[in-house]
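Engineer: One structure, pasted below without further comment.
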Amino acid sequence: MFKKILTSLRFLGFSQSLLTLLSTLKRDFTAWRYRTPKNKEPKQKPGPLRSTSITSHGRAFEFTHASLEIHFLKPDLVCLTWGPGKKSPAYAVTDQGWPEVPVESQQTAQGGYALSSEELRIIISSYGEITFLDLEGKTIRTELPPRKIGPSWEHDAVLTEEQRLHGLGEKASPLNLRDANPEGKKATFEIRNQDIGGHYESGDDPLYLNVPLYISRMGDKGYLVFYENPFRGTFTFDHPTQETPKARASFQGGMLRYYFTFGSLPHLIQRYTELTGRPPLPPAWSLGYHQSRWGYKTTDDIQDVLKGFEEHDLPLSAIHLDIDYMRGYRIFTVDQERYPDLSDLADQLHEQEIHLVTIIDPGVKKDSEYFLYQEGIKGNYFCTLPNGKPVTAQVWPGWCAFPDFSHQETRAWWGSQYKKLLQKGVDGFWHDMNEPAAFTAWGEPTLPLPTQYRLEGLGGDHLQVNNLYGLLMNKAGCEGLTEHQPEKRPWLLSRSGWAGNQRYAWNWTGDVNTSWETLRQTLTIMLNLGLSGIPYTGSDIGGFGGHPSPELFTRWFQLAAFTPFFRGHSATGTPRREPWVYGEPYTSIIRKFLKLRYQLLPYLYTLAWKSHQTGHPLMRPLFWSYGDDPTMADVTDQYLLGEDLLVVPIMEENQTAKQVSLPPGEWISYWDDTAHQGPQKIKLDISLERIPLFVRAGCVLPTAADGTLHCHLYLPTDTSTEPVKSVLYQDAGDGYGPRRLDQFYLERSRRGIHLTWEEMGKYPFPHQTLSLHLHTPDHFSGAKIDGVEVEMEENKLQTEPFRDAMFMFQK
Ligand code: MIG
């Protein structure tokens, strides 16, 4: 609490801190005034099975104290719903109209039932214990009968020693969530979106974005359970050393509805995102570098920053305006003194292919002269207290009211506000404080629990809607942008969210502390988000509120260059840290990684397209692809960017050597083409200039530089392999026009290297020439493009598009 008050004084100043105190007292008074009696009901199990009936997709069961419905969506994807409980709208799950799945249902000798699809068998005991088995009869998961305690649910599943657990969204824990408690005790995580305040560290929980799903993994296979329950919840995972270890999920209300699927990690995320939606293809510019800072107060500040990028020869794709651009922090307004002509600034940026992003907070200043507040009151768009009056709390603008995003009309109203900024040339929006956050001196930094929401007519309080607030604000924004700028792809960045957030917005990992420890933690958070269905994430380079040493900043930058969202950001009052601030040698190193990022854009854009097809994260732990190799099972300090790049960030101070775990296959150093055979651990010398980076042999890595497409052929030394396929996705970079997919097949024979190229789609090939680079120690006597002999220059050649290329080895 002391830490909180000190940070609050630092950022808010004295009078705002007093108001914060008042706001906190008000919240406590509200909570007390509308308190509900403490739940003293005993724990209740379902009891014996009373009756059961066949349904179109499975079977329904009536137990003495609970009901259960089992509904197959796919042969390997099933929805289980225990009731009774309060309903929530299906915000996370997209409406699919799943086709009927043949399910066989039989009574067991013990009076329970067995339901079998083509892939999965579920045994329900007459007391509500549930076992999931594969068709060979192997148990995948066993659940104990759930327990209801008043409105809450408690649900236990048996764990074995080997199971590793991932997921839950943004968790500042080890990648295996079971390891979160080093003393071999339970690891407990809350599902409660909050602005933790100050700057978070490893172990702080919960943070801004939680997703009630976990993956249980053994090797490269496992299962995924997604609890479609927005109420606040807690997950507890027993340490492998505990006796009869269990995974417990509990929720403070609602029905106990969850989805189960099983298989390889890519399959689990594919199924989960089939259910909750895939990320749309982002506009291409969003994959470039973004510059932000809380403290660019005026147009002149922005001009200085732009000059810096130009003078230092640093590429830039977007500028973010933090809260200072608004008139007194009033959302959807622009301060006329600080930014007298935002359109003009946007035009100037657009001429240089730089995009403009502005921050949007949900809190609407309580000001009877302010149009947004007036409209909100008139339209009844704000969340209320049980007495019908709008809830107010302190945030940046002072007393604020909060839009009730769980109401379609509010979303449409809010979504239409973006028009004003779109017309001024703003390209993207940054949703902050949408946990929702409120300034408080103690207790939960959010709205009071009795806050009332419409919840599409169902009605609910903050216990039920807290976790949905960010998701629904993003839904409102995304739908608004789609409606008011239909020719462009919406781009939103959000701090909070819930299951399904990938459909609407990107994420960044919030106000992380500046330290080596949090740099390491940040990598884990991002990987875990990917395993929670949230593929687009990134962090404030160098941490949010501190003063990173030049080395820490450089190392953080080098990692960020290989994360989906690549943005420099820092808190007000901290020393400046634009990419040139640290001087040489740092600026040159940073420039090199910035440019490398831009070179890799064709590869990254293709990954974005793949993620749109599959829901797969761009950043993946090694066990995502190589989990059947036991040496890969617990590697968490390096990762795969797509299938073809292995990134080894340096996250220790003064590191001079690094042990790298190479996955099975052949891996070629991006820097000097040295090839290594995996699986193998190798020790590499480390300098500040680089981080180890490897390319998977057998791939065609597309890069771009100086208007030319460069195809890098990383050749396997093994001749026995089948042709290996690589793809390249291209389109206009925004909008919904034609696209193309180029497929490259790379094959090595005794005579040489063979590359065939197949194209699909209507978008014309956007490059005049392309350059082929062969990364191999082999020497070539010559090459033939579509049968015609061409000259090669040191394993390189320039060509027009072709169908077939052959490179002959020197005899
Ligand atoms: O109370 O808008 O995480 O990125 O710079 C702090 C000011 C509010 C928190 C965000 C941070 C942003 C800051 N915001």
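By order in the structure tokens, chains are A, B, ...; within a chain, residues start at 1; ligands start at 1, following the order shown.
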Give me the residues near Met619 (chain A) as a JSON list (two decimals) with all heavy atoms, in the first residue's frame, where near means some atom within 9 Å (using only C-alpha atoms) and where sequence neighbours in that chain fewer than 4 positions away do not count.
Structural biologist:
[["chain", "number", "residue", "atom", "x", "y", "z"],
["A", 526, "MET", "N", 4.90, -13.00, -22.85],
["A", 526, "MET", "CA", 4.48, -12.97, -24.26],
["A", 526, "MET", "C", 4.24, -14.39, -24.78],
["A", 526, "MET", "O", 3.27, -14.62, -25.51],
["A", 526, "MET", "CB", 5.53, -12.23, -25.09],
["A", 526, "MET", "CG", 5.59, -10.75, -24.71],
["A", 526, "MET", "SD", 6.60, -9.74, -25.82],
["A", 526, "MET", "CE", 8.22, -10.22, -25.34],
["A", 527, "LEU", "N", 5.11, -15.33, -24.40],
["A", 527, "LEU", "CA", 4.92, -16.71, -24.87],
["A", 527, "LEU", "C", 3.63, -17.29, -24.29],
["A", 527, "LEU", "O", 2.88, -17.99, -24.97],
["A", 527, "LEU", "CB", 6.12, -17.57, -24.48],
["A", 527, "LEU", "CG", 7.43, -17.24, -25.21],
["A", 527, "LEU", "CD1", 8.60, -18.02, -24.63],
["A", 527, "LEU", "CD2", 7.30, -17.51, -26.71],
["A", 530, "GLY", "N", 0.60, -16.06, -26.09],
["A", 530, "GLY", "CA", 0.41, -16.80, -27.34],
["A", 530, "GLY", "C", -0.27, -18.14, -27.10],
["A", 530, "GLY", "O", -1.09, -18.58, -27.91],
["A", 535, "PRO", "N", -2.13, -13.64, -29.94],
["A", 535, "PRO", "CA", -0.86, -13.72, -30.66],
["A", 535, "PRO", "C", -0.10, -12.40, -30.74],
["A", 535, "PRO", "O", 1.12, -12.41, -30.87],
["A", 535, "PRO", "CB", -1.27, -14.17, -32.06],
["A", 535, "PRO", "CG", -2.66, -13.67, -32.22],
["A", 535, "PRO", "CD", -3.28, -13.63, -30.84],
["A", 536, "TYR", "N", -0.80, -11.26, -30.71],
["A", 536, "TYR", "CA", -0.12, -9.98, -30.94],
["A", 536, "TYR", "C", 0.15, -9.29, -29.62],
["A", 536, "TYR", "O", -0.77, -8.77, -28.98],
["A", 536, "TYR", "CB", -0.96, -9.08, -31.84],
["A", 536, "TYR", "CG", -1.01, -9.59, -33.25],
["A", 536, "TYR", "CD1", -2.13, -10.23, -33.73],
["A", 536, "TYR", "CD2", 0.09, -9.45, -34.09],
["A", 536, "TYR", "CE1", -2.17, -10.73, -35.02],
["A", 536, "TYR", "CE2", 0.07, -9.94, -35.38],
["A", 536, "TYR", "CZ", -1.06, -10.58, -35.84],
["A", 536, "TYR", "OH", -1.08, -11.08, -37.11],
["A", 562, "PHE", "N", 11.99, -8.74, -32.45],
["A", 562, "PHE", "CA", 11.43, -10.03, -32.87],
["A", 562, "PHE", "C", 10.13, -10.35, -32.13],
["A", 562, "PHE", "O", 9.79, -11.50, -31.94],
["A", 562, "PHE", "CB", 12.46, -11.14, -32.63],
["A", 562, "PHE", "CG", 13.74, -10.92, -33.39],
["A", 562, "PHE", "CD1", 14.84, -10.36, -32.77],
["A", 562, "PHE", "CD2", 13.82, -11.26, -34.73],
["A", 562, "PHE", "CE1", 16.01, -10.12, -33.48],
["A", 562, "PHE", "CE2", 14.98, -11.03, -35.45],
["A", 562, "PHE", "CZ", 16.08, -10.46, -34.83],
["A", 563, "THR", "N", 9.43, -9.32, -31.68],
["A", 563, "THR", "CA", 8.11, -9.53, -31.07],
["A", 563, "THR", "C", 7.08, -8.88, -31.99],
["A", 563, "THR", "O", 7.39, -7.93, -32.70],
["A", 563, "THR", "CB", 8.03, -8.91, -29.66],
["A", 563, "THR", "OG1", 8.22, -7.49, -29.75],
["A", 563, "THR", "CG2", 9.09, -9.50, -28.74],
["A", 564, "PRO", "N", 5.84, -9.38, -31.98],
["A", 564, "PRO", "CA", 4.86, -8.87, -32.93],
["A", 564, "PRO", "C", 4.66, -7.36, -32.82],
["A", 564, "PRO", "O", 4.66, -6.66, -33.83],
["A", 564, "PRO", "CB", 3.59, -9.64, -32.56],
["A", 564, "PRO", "CG", 4.07, -10.89, -31.90],
["A", 564, "PRO", "CD", 5.34, -10.52, -31.19],
["A", 639, "TYR", "N", 13.13, -18.73, -28.31],
["A", 639, "TYR", "CA", 11.82, -19.04, -28.89],
["A", 639, "TYR", "C", 11.88, -19.05, -30.40],
["A", 639, "TYR", "O", 12.85, -18.61, -31.02],
["A", 639, "TYR", "CB", 10.76, -18.05, -28.39],
["A", 639, "TYR", "CG", 10.96, -16.62, -28.85],
["A", 639, "TYR", "CD1", 10.27, -16.12, -29.96],
["A", 639, "TYR", "CD2", 11.83, -15.77, -28.18],
["A", 639, "TYR", "CE1", 10.45, -14.81, -30.37],
["A", 639, "TYR", "CE2", 12.02, -14.46, -28.60],
["A", 639, "TYR", "CZ", 11.33, -13.99, -29.69],
["A", 639, "TYR", "OH", 11.50, -12.69, -30.10],
["A", 640, "LEU", "N", 10.81, -19.57, -30.98],
["A", 640, "LEU", "CA", 10.68, -19.60, -32.43],
["A", 640, "LEU", "C", 9.78, -18.45, -32.86],
["A", 640, "LEU", "O", 8.72, -18.22, -32.27],
["A", 640, "LEU", "CB", 10.06, -20.92, -32.88],
["A", 640, "LEU", "CG", 10.90, -22.15, -32.57],
["A", 640, "LEU", "CD1", 10.04, -23.41, -32.59],
["A", 640, "LEU", "CD2", 12.05, -22.28, -33.57],
["A", 641, "LEU", "N", 10.22, -17.73, -33.88],
["A", 641, "LEU", "CA", 9.37, -16.71, -34.50],
["A", 641, "LEU", "C", 8.89, -17.35, -35.80],
["A", 641, "LEU", "O", 9.66, -17.45, -36.76],
["A", 641, "LEU", "CB", 10.18, -15.44, -34.72],
["A", 641, "LEU", "CG", 9.43, -14.24, -35.28],
["A", 641, "LEU", "CD1", 8.32, -13.78, -34.35],
["A", 641, "LEU", "CD2", 10.39, -13.07, -35.53],
["A", 642, "GLY", "N", 7.65, -17.82, -35.80],
["A", 642, "GLY", "CA", 7.19, -18.64, -36.91],
["A", 642, "GLY", "C", 7.90, -19.98, -36.88],
["A", 642, "GLY", "O", 8.39, -20.41, -35.84]]
Engineer: Show which residues sit within 10 Å of Leu645 (chain A), as a ChimeraX atom specification. Count only C-alpha atoms, and ignore same-chain residues fewer than 4 positions away.
Structural biologist: /A:562,603,619,639-641,667-670,693-697,699,701
Engineer: Please identify every polymer residue within 9 Å of ligand 1, using only C-alpha atoms and all ligand atoms, and present the set as an MDAnalysis selection string.
Structural biologist: chainID A and resid 8 11:12 195 197:198 292:295 322:324 359:361 395:396 432:433 437:439 495 508:512 540 544 569:572
Engineer: As a list in words, please: the residues near Glu483 (chain A) (cut-off 10 Å, only C-alpha atoms, same-chain neighbours under 3 positions excluded).
Structural biologist: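 Here the qualifying residues turn out to be Ala412, Gly415, Ser416, Lys419, Gly477, Cys478, Glu479, Gly480, Pro486, Glu487, Lys488 and Pro490 of chain A.
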Engineer: Take the residues that were just selected and, keeping N, CA, C and O atoms, output them as a short mmCIF file (atom, residue, chain, number, x, y, z; two decimals), in the first residue's frame.
Structural biologist:
data_model
loop_
_atom_site.label_atom_id
_atom_site.label_comp_id
_atom_site.auth_asym_id
_atom_site.auth_seq_id
_atom_site.Cartn_x
_atom_site.Cartn_y
_atom_site.Cartn_z
N ALA A 412 -22.37 1.02 -29.96
CA ALA A 412 -22.55 1.71 -31.23
C ALA A 412 -22.27 3.21 -31.07
O ALA A 412 -21.62 3.84 -31.90
N GLY A 415 -18.53 3.61 -30.57
CA GLY A 415 -17.85 3.28 -31.82
C GLY A 415 -17.93 4.41 -32.83
O GLY A 415 -17.01 4.62 -33.63
N SER A 416 -19.03 5.17 -32.79
CA SER A 416 -19.18 6.25 -33.77
C SER A 416 -18.31 7.45 -33.42
O SER A 416 -18.05 8.31 -34.26
N LYS A 419 -14.96 8.39 -35.39
CA LYS A 419 -15.07 9.13 -36.65
C LYS A 419 -14.32 10.46 -36.60
O LYS A 419 -13.61 10.83 -37.51
N GLY A 477 -14.82 -0.46 -30.19
CA GLY A 477 -13.88 0.27 -31.04
C GLY A 477 -13.72 -0.39 -32.40
O GLY A 477 -13.78 0.27 -33.44
N CYS A 478 -13.55 -1.68 -32.38
CA CYS A 478 -13.31 -2.42 -33.61
C CYS A 478 -14.53 -2.34 -34.53
O CYS A 478 -14.40 -2.09 -35.74
N GLU A 479 -15.71 -2.49 -33.96
CA GLU A 479 -16.92 -2.41 -34.78
C GLU A 479 -17.13 -1.00 -35.30
O GLU A 479 -17.55 -0.80 -36.44
N GLY A 480 -16.80 -0.02 -34.48
CA GLY A 480 -16.91 1.38 -34.91
C GLY A 480 -15.98 1.66 -36.08
O GLY A 480 -16.38 2.26 -37.08
N PRO A 486 -14.71 1.47 -43.56
CA PRO A 486 -14.80 0.07 -43.98
C PRO A 486 -13.71 -0.35 -44.95
O PRO A 486 -13.42 -1.54 -45.07
N GLU A 487 -13.07 0.62 -45.61
CA GLU A 487 -12.07 0.24 -46.60
C GLU A 487 -10.72 -0.08 -45.96
O GLU A 487 -9.83 -0.57 -46.62
N LYS A 488 -10.59 0.21 -44.66
CA LYS A 488 -9.31 -0.06 -44.00
C LYS A 488 -9.46 -1.10 -42.90
O LYS A 488 -10.53 -1.29 -42.35
N PRO A 490 -9.12 -2.25 -39.20
CA PRO A 490 -9.02 -1.55 -37.92
C PRO A 490 -7.72 -1.93 -37.20
O PRO A 490 -7.31 -3.09 -37.27
#
Engineer: Would you kindly return, as a PyMOL selection string, each protein, DNA or RNA residue with an atom no farther than 10 Å from any atom of Glu793 (chain A), considering only C-alpha atoms and excluding same-chain residues fewer than 4 positions away?
Structural biologist: chain A and resi 773+780+782+797-798
Engineer: Could the residues in this selection be saved with N, CA, C and O atoms as a PDB file, in the first residue's frame?
Structural biologist:
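Output below, filename again28.pdb:
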ATOM      1  N   HIS A 773      19.404 -15.719 -52.861  1.00  0.00           N
ATOM      2  CA  HIS A 773      20.662 -15.885 -52.121  1.00  0.00           C
ATOM      3  C   HIS A 773      20.721 -17.322 -51.635  1.00  0.00           C
ATOM      4  O   HIS A 773      19.804 -17.761 -50.948  1.00  0.00           O
ATOM      5  N   PHE A 780      28.771 -23.408 -56.876  1.00  0.00           N
ATOM      6  CA  PHE A 780      27.924 -23.726 -58.025  1.00  0.00           C
ATOM      7  C   PHE A 780      28.639 -23.399 -59.323  1.00  0.00           C
ATOM      8  O   PHE A 780      29.380 -22.413 -59.411  1.00  0.00           O
ATOM      9  N   GLY A 782      26.847 -22.992 -62.097  1.00  0.00           N
ATOM     10  CA  GLY A 782      25.949 -22.120 -62.839  1.00  0.00           C
ATOM     11  C   GLY A 782      24.520 -22.385 -62.429  1.00  0.00           C
ATOM     12  O   GLY A 782      24.257 -23.215 -61.550  1.00  0.00           O
ATOM     13  N   LEU A 797      21.887 -14.336 -57.224  1.00  0.00           N
ATOM     14  CA  LEU A 797      21.541 -13.903 -58.573  1.00  0.00           C
ATOM     15  C   LEU A 797      20.265 -13.088 -58.584  1.00  0.00           C
ATOM     16  O   LEU A 797      19.394 -13.246 -57.734  1.00  0.00           O
ATOM     17  N   GLN A 798      20.163 -12.186 -59.539  1.00  0.00           N
ATOM     18  CA  GLN A 798      18.997 -11.324 -59.710  1.00  0.00           C
ATOM     19  C   GLN A 798      18.153 -11.896 -60.823  1.00  0.00           C
ATOM     20  O   GLN A 798      18.698 -12.301 -61.847  1.00  0.00           O
TER      21      GLN A 798
END
Engineer: Which residue out of A:Trp757, A:Tyr605, A:Tyr745, A:Phe262 has the minimum interatomic distance to Met218 (chain A) when only C-alpha atoms are used?
Structural biologist: A:Phe262
Engineer: Between A:Gln743, A:Thr234, A:Ser152, A:Thr261, which is the closest to Gly222 (chain A) once you count only C-alpha atoms?
Structural biologist: A:Thr261
